[in-house]
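See below for the structure under consideration.
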Amino acid sequence: MYLAYHELKSAKARYGLVVITLFLVAYLIYFLTGLAYGLANNNRVGVDQWHAQRVTMSKYADHNLQSSTIIAGQFDRSDLSKNVAPLGLLAGEVNQKSDNTDLDTYVFGINFSSFIKPQLTSGRQARHNNEVVVDQRLGTGQLKLGTKIKINGSSTYYKVVGLTKNNLFGTLPITFTTLGTYNKLRFGSTTVKNMSAVVYKNATDVVKKSGLETTTVQTMVENIPGYTAQNSTFSLMIGALFIIVLFVVGIFMYILTIQNVSVYGVMRAQGISNGTLIRSVLAQSLLLGIIGVGLGLFANQLTVLILPAAMPYTNNTLLVGGFTVGLLAVVVLGSVFSIKRILKIDPLDAIGGAA
Amino acid sequence: MTTVLELKQITKTFGKGAAATQAVQPTDLAIAPGEFITLTGPSGSGKTTLLTMMGALQSPTSGAVLLNGQDLAKLSEKQRSKVRFEKYGFILQAANLIPYLNVQEQFKLVDKLSHTDNRAYADQLLTSLGLEEQRDSLPQMLSGGQRQRVAIARALYQQPQIVFADEPTASLDSKRAHQVVQTLNETAKAHQTAVVMVTHDESLFAYTDKVYQVRDGQVSLLATNH
Ligand SMILES: Nc1ncnc2c1ncn2[C@@H]1O[C@H](COP(=O)(O)OP(=O)(O)OP(=O)(O)O)[C@@H](O)[C@H]1O
Ligand SMILES: [Mg+2]
């Protein structure tokens, strides 16, 4: 530690460069992670809030909720209950009475007494077909209790009676309507009794029907169009950054080691143990790592404060913590090449210089 | 006579078969505690090879190097490293010091590694070598003579039994060279530390107890002082 500290101090500029590189890459990793997690979260958080175990969709939908329709005859109404909840899904546009900008949304037609009803931040659940509950983020907070909206150019107005938060699906805020309204919007009449899926609170409640297929909520989420592709793109980028860190640190430490070969030779001739030298190199890279990654973490925290709320940026403590540990591990791993080189240094070389 | 270091018929051969060179012919040598010996001889005669075998930096091809009666070849690499750290001091022609530690820190490092605190002794050594002003200087800020004096202090710091010096004055002018060797001699004598020095400079022989001539790997006694 003593050696490591003094060596770092003596070559501030050189080690400063490693720290800056580490900082930038670490920050990039945190930033991408925040975005990836935020996006993934915005795709699924409305569904995660259900804490449901199974979803039944039509077989042909191939786990894609948007393509699924369960028509009236396929599932008995009498099999529905508080914990076996019908769900209708429809992509939609919402307009306020006073304003004709289109707000993108997903319509969730639900039974407001089932377990998938939204948690409200204000107002109440919908009781009639002309009442809706919307996520606060729809229209970035423009919609208030009592606001009248049109959905998909409907002639009727729907009244916002409740607000909820963190109810997003496919990155869009959700508009909760009754199943009747959903059927009206999608099939033209409130008397149609179709739905997109049946959601089960418990796996044991699943009702098997021909033409339908039951999966986990996770599988359904993974089949949200783009969700899996997005995640693997981010994973690949983050993975590549880890490899870059490994090489940057590895190569840099190696170059510095080679520049110091004669010093290591002298130290080994003087009987300074390999253990001491190895510890010094490890301490050095760990110190560089802690400073660089620490700065990255700090910048990440600042980013959270600065970024507009609309950005899908969410820090997951577990992911950030895991990547921090991973980065430090990779930094230390990068010094392994240097250690191997140091162990090969012959103390005779130090003497040889004098011959 | 007590001996601290004894060479028993040691030889060193580099390479194999037709390409083999015998750098050191069978050699016997005994060094008493506090004795200051010089190895001299033409380039390539085997002086450094001898010194490094005595210094536990390489092993002889045959024969034995005994430190306090202990065969160095029978120790593990780790134990030899420990011997070098605790029982030996080295003064090389150049690059004896760690470039990023100032004079004081060179000693502090040794303290840290051996879990001791001999700051007072470091100060005493530095003062006796006229380096009290240079305590906070990095090696690169020192003159060649000052650097070699720091190296002497460093080599003597752990009160070693033997100090090995391979052409310690090669980079110094004659006046400085004399000062450095004289100080080395006095300080070593004061602590009963034996010294093995390699030098080409005959004018320095006067400071030493015995002078050995090395020629084609053969060692012979050239002169004994006193
Ligand atoms: N590692 C080695 N491999 C092969 N040959 C070596 C090696 N080290 C030394 N030699 C050879 O051994 C002989 C003695 O070398 P050594 O370095 O001991 O000479 P020296 O007396 O110290 O010379 P100088 O005064 O030039 O320093 C030389 O012929 C040299 O080429
Ligand atoms: Mg030599």
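Numbering starts fresh at 1 for the residues of each chain in the structure tokens, the chains themselves are lettered A, B, ... in the order given, and ligands are numbered from 1 as they appear.
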task = Determine, counting only C-alpha atoms, which protein, DNA and RNA residues have an atom within 6 Å of an atom of range 207-211 of chain B; residues of the same chain fewer than 4 positions away are not included. Present the result as a list in words.
result =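 Within the cut-off, the hits are Phe36, Ile37, Thr38, Leu222, Ala223, Thr224 and Asn225 of chain B.
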Compute the set of chain B residues within 6 Å of chain A, using only C-alpha atoms, and express it as a PDB file with N, CA, C and O atoms, in the first residue's frame.
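Below is the file part29.pdb, written as the result:
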ATOM      1  N   SER B  81      15.321 -14.806  -0.654  1.00  0.00           N
ATOM      2  CA  SER B  81      14.861 -13.416  -0.739  1.00  0.00           C
ATOM      3  C   SER B  81      14.903 -12.782   0.655  1.00  0.00           C
ATOM      4  O   SER B  81      15.318 -11.642   0.826  1.00  0.00           O
ATOM      5  N   LYS B  82      14.518 -13.563   1.644  1.00  0.00           N
ATOM      6  CA  LYS B  82      14.511 -13.067   3.017  1.00  0.00           C
ATOM      7  C   LYS B  82      15.937 -12.799   3.508  1.00  0.00           C
ATOM      8  O   LYS B  82      16.197 -11.814   4.201  1.00  0.00           O
ATOM      9  N   ARG B  84      18.404 -11.952   1.616  1.00  0.00           N
ATOM     10  CA  ARG B  84      18.845 -10.713   0.971  1.00  0.00           C
ATOM     11  C   ARG B  84      18.266  -9.493   1.686  1.00  0.00           C
ATOM     12  O   ARG B  84      18.912  -8.466   1.827  1.00  0.00           O
ATOM     13  N   PHE B  85      17.025  -9.650   2.139  1.00  0.00           N
ATOM     14  CA  PHE B  85      16.366  -8.516   2.787  1.00  0.00           C
ATOM     15  C   PHE B  85      16.970  -8.239   4.169  1.00  0.00           C
ATOM     16  O   PHE B  85      17.201  -7.099   4.534  1.00  0.00           O
ATOM     17  N   GLN B  93      25.881  -0.185  -9.259  1.00  0.00           N
ATOM     18  CA  GLN B  93      26.474   0.960  -9.951  1.00  0.00           C
ATOM     19  C   GLN B  93      25.468   2.113 -10.069  1.00  0.00           C
ATOM     20  O   GLN B  93      25.814   3.272  -9.904  1.00  0.00           O
ATOM     21  N   TYR B 100      10.436   6.791  -6.880  1.00  0.00           N
ATOM     22  CA  TYR B 100       9.323   7.624  -6.431  1.00  0.00           C
ATOM     23  C   TYR B 100       9.242   7.766  -4.916  1.00  0.00           C
ATOM     24  O   TYR B 100       8.246   8.238  -4.385  1.00  0.00           O
TER      25      TYR B 100
END
task = Taking the DSSP assignment computed from this structure's backbone, write out as a PyMOL selection string all residues of range 38-144 of chain A that belong to strand (DSSP E).
result = chain A and resi 54-58+84-96+99-110+120-123+131-135
ask   = Residues of range 45-233 of chain A in helix (DSSP H, G or I) according to DSSP, as a VMD selection string?
value = chain A and resid 45 to 48 59 to 61 65 to 67 72 to 74 77 to 79 138 to 141 179 to 187 203 to 205 217 to 222 227 to 233
key: Who sits within 7 Å of Pro99 in chain B, only C-alpha atoms, same chain under 3 positions skipped, as an MDAnalysis selection string   = chainID B and resid 138:140
inquiry  = Which residues are close to Gln134 in chain B, i.e. within 10 Å by only C-alpha atoms, leaving aside same-chain residues fewer than 3 positions away? Reply as a list in words.
reply    =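 Residues meeting the cut-off are Asn102, Val103, Gln104, Leu126, Thr127, Gly130, Leu131, Ser137, Leu138, Pro139, Met141, Leu142, Gln146, Arg147 and Val150 of chain B.
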Take the residues from that selection and put them in a file with N, CA and C atoms, as a PDB file, in the first residue's frame.
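The resulting file, again_8.pdb, is reproduced below:
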ATOM      1  N   ASN B 102      11.201   9.507  -1.598  1.00  0.00           N
ATOM      2  CA  ASN B 102      12.282  10.411  -1.212  1.00  0.00           C
ATOM      3  C   ASN B 102      13.208   9.684  -0.239  1.00  0.00           C
ATOM      4  N   VAL B 103      14.328  10.329   0.081  1.00  0.00           N
ATOM      5  CA  VAL B 103      15.379   9.661   0.851  1.00  0.00           C
ATOM      6  C   VAL B 103      14.825   9.028   2.127  1.00  0.00           C
ATOM      7  N   GLN B 104      14.070   9.815   2.870  1.00  0.00           N
ATOM      8  CA  GLN B 104      13.506   9.293   4.119  1.00  0.00           C
ATOM      9  C   GLN B 104      12.591   8.099   3.895  1.00  0.00           C
ATOM     10  N   LEU B 126      22.172   8.921   7.899  1.00  0.00           N
ATOM     11  CA  LEU B 126      22.141  10.022   6.929  1.00  0.00           C
ATOM     12  C   LEU B 126      23.047  11.163   7.389  1.00  0.00           C
ATOM     13  N   THR B 127      23.001  11.432   8.682  1.00  0.00           N
ATOM     14  CA  THR B 127      23.847  12.506   9.202  1.00  0.00           C
ATOM     15  C   THR B 127      25.324  12.158   9.051  1.00  0.00           C
ATOM     16  N   GLY B 130      26.492  12.790   5.750  1.00  0.00           N
ATOM     17  CA  GLY B 130      26.359  14.173   5.293  1.00  0.00           C
ATOM     18  C   GLY B 130      25.132  14.413   4.432  1.00  0.00           C
ATOM     19  N   LEU B 131      24.051  13.710   4.756  1.00  0.00           N
ATOM     20  CA  LEU B 131      22.868  13.815   3.900  1.00  0.00           C
ATOM     21  C   LEU B 131      21.659  14.396   4.626  1.00  0.00           C
ATOM     22  N   SER B 137      14.424  14.781  -0.413  1.00  0.00           N
ATOM     23  CA  SER B 137      14.644  14.832  -1.862  1.00  0.00           C
ATOM     24  C   SER B 137      14.363  13.487  -2.508  1.00  0.00           C
ATOM     25  N   LEU B 138      13.820  13.554  -3.709  1.00  0.00           N
ATOM     26  CA  LEU B 138      13.676  12.328  -4.505  1.00  0.00           C
ATOM     27  C   LEU B 138      15.034  12.015  -5.125  1.00  0.00           C
ATOM     28  N   PRO B 139      15.297  10.730  -5.414  1.00  0.00           N
ATOM     29  CA  PRO B 139      16.609  10.350  -5.964  1.00  0.00           C
ATOM     30  C   PRO B 139      17.027  11.201  -7.161  1.00  0.00           C
ATOM     31  N   MET B 141      16.671  14.169  -7.719  1.00  0.00           N
ATOM     32  CA  MET B 141      17.129  15.513  -7.385  1.00  0.00           C
ATOM     33  C   MET B 141      18.534  15.492  -6.782  1.00  0.00           C
ATOM     34  N   LEU B 142      19.093  14.299  -6.572  1.00  0.00           N
ATOM     35  CA  LEU B 142      20.398  14.190  -5.921  1.00  0.00           C
ATOM     36  C   LEU B 142      21.505  14.066  -6.959  1.00  0.00           C
ATOM     37  N   GLN B 146      25.724  11.847  -4.019  1.00  0.00           N
ATOM     38  CA  GLN B 146      24.710  11.818  -2.962  1.00  0.00           C
ATOM     39  C   GLN B 146      23.873  10.547  -3.069  1.00  0.00           C
ATOM     40  N   ARG B 147      23.532  10.206  -4.320  1.00  0.00           N
ATOM     41  CA  ARG B 147      22.729   8.993  -4.530  1.00  0.00           C
ATOM     42  C   ARG B 147      23.469   7.762  -4.011  1.00  0.00           C
ATOM     43  N   VAL B 150      23.347   7.674  -0.315  1.00  0.00           N
ATOM     44  CA  VAL B 150      22.043   7.193   0.156  1.00  0.00           C
ATOM     45  C   VAL B 150      21.983   5.675   0.009  1.00  0.00           C
TER      46      VAL B 150
END
request  = Could you please extract the residues within 12 Å of ligand 2, counting only C-alpha atoms and all ligand atoms, and hand them back as a PyMOL selection string?
outcome  = (chain A and resi 348-355) or (chain B and resi 23+39-52+92-93+165-168+170+197-200+214)
Spatial neighbours of range 104-121 of chain A, 8 Å, only C-alpha atoms, chain gap at least 2 places, as a PDB file with N, CA, C and O atoms, in the first residue's frame:
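After the write, around38.pdb holds the following:
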ATOM      1  N   GLN A  49     -46.983  -4.545 -11.453  1.00  0.00           N
ATOM      2  CA  GLN A  49     -47.805  -4.145 -10.302  1.00  0.00           C
ATOM      3  C   GLN A  49     -48.902  -5.153  -9.987  1.00  0.00           C
ATOM      4  O   GLN A  49     -49.447  -5.140  -8.895  1.00  0.00           O
ATOM      5  N   TRP A  50     -49.216  -5.998 -10.944  1.00  0.00           N
ATOM      6  CA  TRP A  50     -50.253  -7.006 -10.681  1.00  0.00           C
ATOM      7  C   TRP A  50     -49.803  -8.040  -9.653  1.00  0.00           C
ATOM      8  O   TRP A  50     -50.596  -8.603  -8.949  1.00  0.00           O
ATOM      9  N   SER A  81     -63.181 -14.106 -11.528  1.00  0.00           N
ATOM     10  CA  SER A  81     -63.412 -13.771 -10.122  1.00  0.00           C
ATOM     11  C   SER A  81     -62.447 -12.655  -9.762  1.00  0.00           C
ATOM     12  O   SER A  81     -61.761 -12.109 -10.626  1.00  0.00           O
ATOM     13  N   LYS A  82     -62.350 -12.370  -8.480  1.00  0.00           N
ATOM     14  CA  LYS A  82     -61.438 -11.314  -8.048  1.00  0.00           C
ATOM     15  C   LYS A  82     -60.000 -11.644  -8.451  1.00  0.00           C
ATOM     16  O   LYS A  82     -59.247 -10.777  -8.893  1.00  0.00           O
ATOM     17  N   ASN A  83     -59.626 -12.907  -8.289  1.00  0.00           N
ATOM     18  CA  ASN A  83     -58.248 -13.302  -8.564  1.00  0.00           C
ATOM     19  C   ASN A  83     -58.041 -13.902  -9.946  1.00  0.00           C
ATOM     20  O   ASN A  83     -56.928 -14.318 -10.289  1.00  0.00           O
ATOM     21  N   VAL A  84     -59.100 -13.998 -10.713  1.00  0.00           N
ATOM     22  CA  VAL A  84     -58.996 -14.453 -12.106  1.00  0.00           C
ATOM     23  C   VAL A  84     -59.585 -13.314 -12.934  1.00  0.00           C
ATOM     24  O   VAL A  84     -60.797 -13.201 -13.063  1.00  0.00           O
ATOM     25  N   ALA A  85     -58.695 -12.445 -13.421  1.00  0.00           N
ATOM     26  CA  ALA A  85     -59.150 -11.145 -13.906  1.00  0.00           C
ATOM     27  C   ALA A  85     -59.089 -11.051 -15.425  1.00  0.00           C
ATOM     28  O   ALA A  85     -58.089 -11.426 -16.030  1.00  0.00           O
ATOM     29  N   PRO A  86     -60.148 -10.515 -16.025  1.00  0.00           N
ATOM     30  CA  PRO A  86     -60.124 -10.292 -17.473  1.00  0.00           C
ATOM     31  C   PRO A  86     -59.325  -9.031 -17.785  1.00  0.00           C
ATOM     32  O   PRO A  86     -59.270  -8.108 -16.982  1.00  0.00           O
ATOM     33  N   LEU A  87     -58.694  -9.036 -18.948  1.00  0.00           N
ATOM     34  CA  LEU A  87     -57.925  -7.860 -19.369  1.00  0.00           C
ATOM     35  C   LEU A  87     -58.122  -7.651 -20.860  1.00  0.00           C
ATOM     36  O   LEU A  87     -57.972  -8.589 -21.654  1.00  0.00           O
ATOM     37  N   GLY A  88     -58.468  -6.416 -21.241  1.00  0.00           N
ATOM     38  CA  GLY A  88     -58.504  -6.068 -22.659  1.00  0.00           C
ATOM     39  C   GLY A  88     -57.411  -5.060 -22.932  1.00  0.00           C
ATOM     40  O   GLY A  88     -57.211  -4.131 -22.157  1.00  0.00           O
ATOM     41  N   LEU A  89     -56.667  -5.276 -24.009  1.00  0.00           N
ATOM     42  CA  LEU A  89     -55.565  -4.364 -24.302  1.00  0.00           C
ATOM     43  C   LEU A  89     -55.743  -3.758 -25.679  1.00  0.00           C
ATOM     44  O   LEU A  89     -56.108  -4.446 -26.630  1.00  0.00           O
ATOM     45  N   LEU A  90     -55.462  -2.468 -25.765  1.00  0.00           N
ATOM     46  CA  LEU A  90     -55.639  -1.766 -27.030  1.00  0.00           C
ATOM     47  C   LEU A  90     -54.681  -0.575 -27.047  1.00  0.00           C
ATOM     48  O   LEU A  90     -54.599   0.173 -26.071  1.00  0.00           O
ATOM     49  N   ALA A  91     -53.956  -0.416 -28.157  1.00  0.00           N
ATOM     50  CA  ALA A  91     -53.125   0.778 -28.300  1.00  0.00           C
ATOM     51  C   ALA A  91     -54.040   1.945 -28.614  1.00  0.00           C
ATOM     52  O   ALA A  91     -55.000   1.793 -29.362  1.00  0.00           O
ATOM     53  N   GLY A  92     -53.785   3.095 -28.015  1.00  0.00           N
ATOM     54  CA  GLY A  92     -54.733   4.178 -28.212  1.00  0.00           C
ATOM     55  C   GLY A  92     -54.115   5.559 -28.241  1.00  0.00           C
ATOM     56  O   GLY A  92     -52.933   5.748 -27.938  1.00  0.00           O
ATOM     57  N   GLU A  93     -54.974   6.519 -28.638  1.00  0.00           N
ATOM     58  CA  GLU A  93     -54.612   7.931 -28.601  1.00  0.00           C
ATOM     59  C   GLU A  93     -55.675   8.618 -27.765  1.00  0.00           C
ATOM     60  O   GLU A  93     -56.859   8.380 -27.936  1.00  0.00           O
ATOM     61  N   VAL A  94     -55.226   9.495 -26.886  1.00  0.00           N
ATOM     62  CA  VAL A  94     -56.166  10.213 -26.038  1.00  0.00           C
ATOM     63  C   VAL A  94     -56.122  11.694 -26.405  1.00  0.00           C
ATOM     64  O   VAL A  94     -55.045  12.240 -26.632  1.00  0.00           O
ATOM     65  N   ASP A 102     -52.506  14.575 -29.659  1.00  0.00           N
ATOM     66  CA  ASP A 102     -52.717  13.153 -29.379  1.00  0.00           C
ATOM     67  C   ASP A 102     -51.747  12.691 -28.310  1.00  0.00           C
ATOM     68  O   ASP A 102     -50.551  12.925 -28.418  1.00  0.00           O
ATOM     69  N   GLY A 123     -58.506  10.288  -6.320  1.00  0.00           N
ATOM     70  CA  GLY A 123     -59.766   9.928  -6.969  1.00  0.00           C
ATOM     71  C   GLY A 123     -60.261   8.562  -6.548  1.00  0.00           C
ATOM     72  O   GLY A 123     -59.957   8.101  -5.455  1.00  0.00           O
ATOM     73  N   ARG A 124     -61.010   7.922  -7.428  1.00  0.00           N
ATOM     74  CA  ARG A 124     -61.585   6.611  -7.111  1.00  0.00           C
ATOM     75  C   ARG A 124     -61.525   5.725  -8.342  1.00  0.00           C
ATOM     76  O   ARG A 124     -61.179   6.193  -9.431  1.00  0.00           O
ATOM     77  N   GLN A 125     -61.872   4.443  -8.175  1.00  0.00           N
ATOM     78  CA  GLN A 125     -61.911   3.536  -9.311  1.00  0.00           C
ATOM     79  C   GLN A 125     -63.124   3.883 -10.184  1.00  0.00           C
ATOM     80  O   GLN A 125     -64.091   4.485  -9.720  1.00  0.00           O
ATOM     81  N   ALA A 126     -63.104   3.499 -11.475  1.00  0.00           N
ATOM     82  CA  ALA A 126     -64.236   3.764 -12.379  1.00  0.00           C
ATOM     83  C   ALA A 126     -65.406   2.866 -12.014  1.00  0.00           C
ATOM     84  O   ALA A 126     -65.222   1.701 -11.663  1.00  0.00           O
ATOM     85  N   ARG A 127     -66.607   3.438 -12.098  1.00  0.00           N
ATOM     86  CA  ARG A 127     -67.791   2.652 -11.772  1.00  0.00           C
ATOM     87  C   ARG A 127     -68.662   2.438 -13.011  1.00  0.00           C
ATOM     88  O   ARG A 127     -69.468   1.531 -13.034  1.00  0.00           O
ATOM     89  N   LEU A 138     -49.665  10.518 -18.250  1.00  0.00           N
ATOM     90  CA  LEU A 138     -50.341  10.745 -19.527  1.00  0.00           C
ATOM     91  C   LEU A 138     -50.483  12.252 -19.726  1.00  0.00           C
ATOM     92  O   LEU A 138     -51.042  12.961 -18.880  1.00  0.00           O
ATOM     93  N   GLY A 162     -59.986   8.835 -11.575  1.00  0.00           N
ATOM     94  CA  GLY A 162     -58.907   8.400 -10.689  1.00  0.00           C
ATOM     95  C   GLY A 162     -57.573   8.552 -11.369  1.00  0.00           C
ATOM     96  O   GLY A 162     -57.468   8.485 -12.591  1.00  0.00           O
ATOM     97  N   LEU A 163     -56.533   8.804 -10.544  1.00  0.00           N
ATOM     98  CA  LEU A 163     -55.180   8.894 -11.085  1.00  0.00           C
ATOM     99  C   LEU A 163     -54.325   7.810 -10.436  1.00  0.00           C
ATOM    100  O   LEU A 163     -54.541   7.429  -9.276  1.00  0.00           O
ATOM    101  N   THR A 164     -53.350   7.354 -11.174  1.00  0.00           N
ATOM    102  CA  THR A 164     -52.455   6.325 -10.653  1.00  0.00           C
ATOM    103  C   THR A 164     -51.057   6.669 -11.128  1.00  0.00           C
ATOM    104  O   THR A 164     -50.890   7.525 -12.009  1.00  0.00           O
ATOM    105  N   LYS A 165     -50.056   6.034 -10.526  1.00  0.00           N
ATOM    106  CA  LYS A 165     -48.712   6.323 -11.030  1.00  0.00           C
ATOM    107  C   LYS A 165     -47.950   5.013 -11.252  1.00  0.00           C
ATOM    108  O   LYS A 165     -48.337   3.958 -10.726  1.00  0.00           O
ATOM    109  N   ASN A 167     -47.956   3.239 -13.755  1.00  0.00           N
ATOM    110  CA  ASN A 167     -48.680   2.245 -14.514  1.00  0.00           C
ATOM    111  C   ASN A 167     -48.387   2.466 -15.987  1.00  0.00           C
ATOM    112  O   ASN A 167     -49.095   3.178 -16.681  1.00  0.00           O
ATOM    113  N   PHE A 169     -47.022   0.596 -19.737  1.00  0.00           N
ATOM    114  CA  PHE A 169     -46.903  -0.668 -20.477  1.00  0.00           C
ATOM    115  C   PHE A 169     -46.329  -0.315 -21.844  1.00  0.00           C
ATOM    116  O   PHE A 169     -46.743   0.682 -22.455  1.00  0.00           O
ATOM    117  N   LEU A 172     -45.545   3.244 -22.476  1.00  0.00           N
ATOM    118  CA  LEU A 172     -46.587   4.289 -22.510  1.00  0.00           C
ATOM    119  C   LEU A 172     -47.432   4.246 -21.244  1.00  0.00           C
ATOM    120  O   LEU A 172     -47.644   3.178 -20.655  1.00  0.00           O
ATOM    121  N   PRO A 173     -47.965   5.412 -20.830  1.00  0.00           N
ATOM    122  CA  PRO A 173     -48.876   5.435 -19.683  1.00  0.00           C
ATOM    123  C   PRO A 173     -50.173   4.700 -20.028  1.00  0.00           C
ATOM    124  O   PRO A 173     -50.596   4.708 -21.191  1.00  0.00           O
ATOM    125  N   ILE A 174     -50.746   4.086 -19.018  1.00  0.00           N
ATOM    126  CA  ILE A 174     -51.938   3.266 -19.249  1.00  0.00           C
ATOM    127  C   ILE A 174     -53.206   4.068 -18.944  1.00  0.00           C
ATOM    128  O   ILE A 174     -53.240   4.868 -18.009  1.00  0.00           O
ATOM    129  N   THR A 175     -54.237   3.868 -19.770  1.00  0.00           N
ATOM    130  CA  THR A 175     -55.578   4.380 -19.484  1.00  0.00           C
ATOM    131  C   THR A 175     -56.444   3.178 -19.126  1.00  0.00           C
ATOM    132  O   THR A 175     -56.602   2.265 -19.946  1.00  0.00           O
ATOM    133  N   PHE A 176     -56.935   3.174 -17.897  1.00  0.00           N
ATOM    134  CA  PHE A 176     -57.785   2.048 -17.465  1.00  0.00           C
ATOM    135  C   PHE A 176     -59.242   2.372 -17.754  1.00  0.00           C
ATOM    136  O   PHE A 176     -59.741   3.429 -17.350  1.00  0.00           O
ATOM    137  N   THR A 177     -59.879   1.469 -18.489  1.00  0.00           N
ATOM    138  CA  THR A 177     -61.315   1.638 -18.749  1.00  0.00           C
ATOM    139  C   THR A 177     -62.020   0.377 -18.279  1.00  0.00           C
ATOM    140  O   THR A 177     -61.381  -0.606 -17.906  1.00  0.00           O
ATOM    141  N   THR A 178     -63.345   0.408 -18.344  1.00  0.00           N
ATOM    142  CA  THR A 178     -64.088  -0.822 -18.055  1.00  0.00           C
ATOM    143  C   THR A 178     -63.918  -1.764 -19.239  1.00  0.00           C
ATOM    144  O   THR A 178     -63.506  -1.336 -20.330  1.00  0.00           O
ATOM    145  N   LEU A 179     -64.233  -3.032 -19.064  1.00  0.00           N
ATOM    146  CA  LEU A 179     -64.176  -3.992 -20.164  1.00  0.00           C
ATOM    147  C   LEU A 179     -65.166  -3.597 -21.255  1.00  0.00           C
ATOM    148  O   LEU A 179     -64.899  -3.746 -22.447  1.00  0.00           O
ATOM    149  N   GLY A 180     -66.317  -3.054 -20.818  1.00  0.00           N
ATOM    150  CA  GLY A 180     -67.346  -2.615 -21.766  1.00  0.00           C
ATOM    151  C   GLY A 180     -66.785  -1.548 -22.695  1.00  0.00           C
ATOM    152  O   GLY A 180     -66.940  -1.620 -23.917  1.00  0.00           O
ATOM    153  N   THR A 181     -66.120  -0.560 -22.135  1.00  0.00           N
ATOM    154  CA  THR A 181     -65.551   0.518 -22.941  1.00  0.00           C
ATOM    155  C   THR A 181     -64.481  -0.038 -23.884  1.00  0.00           C
ATOM    156  O   THR A 181     -64.394   0.348 -25.054  1.00  0.00           O
ATOM    157  N   TYR A 182     -63.687  -0.949 -23.346  1.00  0.00           N
ATOM    158  CA  TYR A 182     -62.673  -1.574 -24.190  1.00  0.00           C
ATOM    159  C   TYR A 182     -63.331  -2.225 -25.404  1.00  0.00           C
ATOM    160  O   TYR A 182     -62.904  -2.038 -26.544  1.00  0.00           O
ATOM    161  N   LYS A 201     -53.978 -14.423 -10.356  1.00  0.00           N
ATOM    162  CA  LYS A 201     -53.127 -14.063  -9.233  1.00  0.00           C
ATOM    163  C   LYS A 201     -52.274 -15.273  -8.826  1.00  0.00           C
ATOM    164  O   LYS A 201     -51.098 -15.140  -8.528  1.00  0.00           O
TER     165      LYS A 201
END
query = Which neighbours of Asn223 in chain A fall inside 8 Å, counting only C-alpha atoms, when residues of the same chain fewer than 5 positions from it are skipped, and could you give them as a list of chain:residue names?
reply = A:His63, A:Asn64, A:Leu65, A:Thr228
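We find CA of Ile345 in chain A and CA of Leu57 in chain B to be spaced 12.1 Å apart.
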key: Coordinates-based distance that separates CA of Phe205 in chain B from CA of Leu156 in chain B (Å, one decimal)   = 20.6 Å
request  = Go through A:Ser67, A:Asn183, A:Ser98, A:Ser235 and flag the residue nearest Ile149 in chain A, using only C-alpha atoms for the distances.
outcome  =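 Of the candidates, the smallest distance to Ile149 in chain A is held by A:Ser98.
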task = Mind checking which residues fall within 9 Å of Leu241 in chain A, counting only C-alpha atoms, ignoring those fewer than 6 positions away in the same chain, and posting them as a VMD selection string?
result = chain A and resid 25 to 26 28 to 29
How would the residues just chosen look if you wrote them out with N, CA, C and O atoms as a PDB file, in the first residue's frame?
ATOM      1  N   VAL A  25     -15.659   5.285 -18.753  1.00  0.00           N
ATOM      2  CA  VAL A  25     -16.271   4.004 -19.104  1.00  0.00           C
ATOM      3  C   VAL A  25     -17.268   3.581 -18.023  1.00  0.00           C
ATOM      4  O   VAL A  25     -18.369   3.117 -18.333  1.00  0.00           O
ATOM      5  N   ALA A  26     -16.882   3.778 -16.765  1.00  0.00           N
ATOM      6  CA  ALA A  26     -17.791   3.403 -15.671  1.00  0.00           C
ATOM      7  C   ALA A  26     -19.084   4.212 -15.780  1.00  0.00           C
ATOM      8  O   ALA A  26     -20.184   3.672 -15.672  1.00  0.00           O
ATOM      9  N   LEU A  28     -20.343   5.563 -18.409  1.00  0.00           N
ATOM     10  CA  LEU A  28     -21.103   5.088 -19.568  1.00  0.00           C
ATOM     11  C   LEU A  28     -21.874   3.816 -19.206  1.00  0.00           C
ATOM     12  O   LEU A  28     -23.040   3.645 -19.567  1.00  0.00           O
ATOM     13  N   ILE A  29     -21.204   2.937 -18.466  1.00  0.00           N
ATOM     14  CA  ILE A  29     -21.877   1.699 -18.063  1.00  0.00           C
ATOM     15  C   ILE A  29     -23.085   2.010 -17.176  1.00  0.00           C
ATOM     16  O   ILE A  29     -24.183   1.495 -17.392  1.00  0.00           O
TER      17      ILE A  29
END
ask   = Which of these residues is nearest to ligand 1, using only C-alpha atoms and all ligand atoms: B:Arg215, B:Val196, B:Leu221, B:Leu67?
value =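 For ligand 1, the nearest of the candidates is B:Arg215.
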message = Please report the interatomic distance between CA of Thr13 in chain B and CA of Phe90 in chain B in Å with one decimal.
response = 23.8 Å
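Nearest to ligand 1 of all the residues B:Val219, B:Asn96, B:Glu133, B:Asp123 is B:Val219, counting only C-alpha atoms and all ligand atoms.
Here the question is which of B:Ala19, B:Leu7, B:Ala153, B:Leu125 gets nearest to ligand 1 using only C-alpha atoms and all ligand atoms, and that residue is B:Ala19.
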inquiry  = Counting only C-alpha atoms and all ligand atoms, which residue out of B:Thr21, B:Thr183, B:Phe107, B:Leu29 sits closest to ligand 1?
reply    =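 Comparing B:Thr21, B:Thr183, B:Phe107, B:Leu29 against ligand 1, the winner is B:Thr21.
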ask   = Which of these residues is nearest to ligand 1, using only C-alpha atoms and all ligand atoms: B:Ala30, B:Val4, B:Val24, B:Leu204?
value = B:Val24
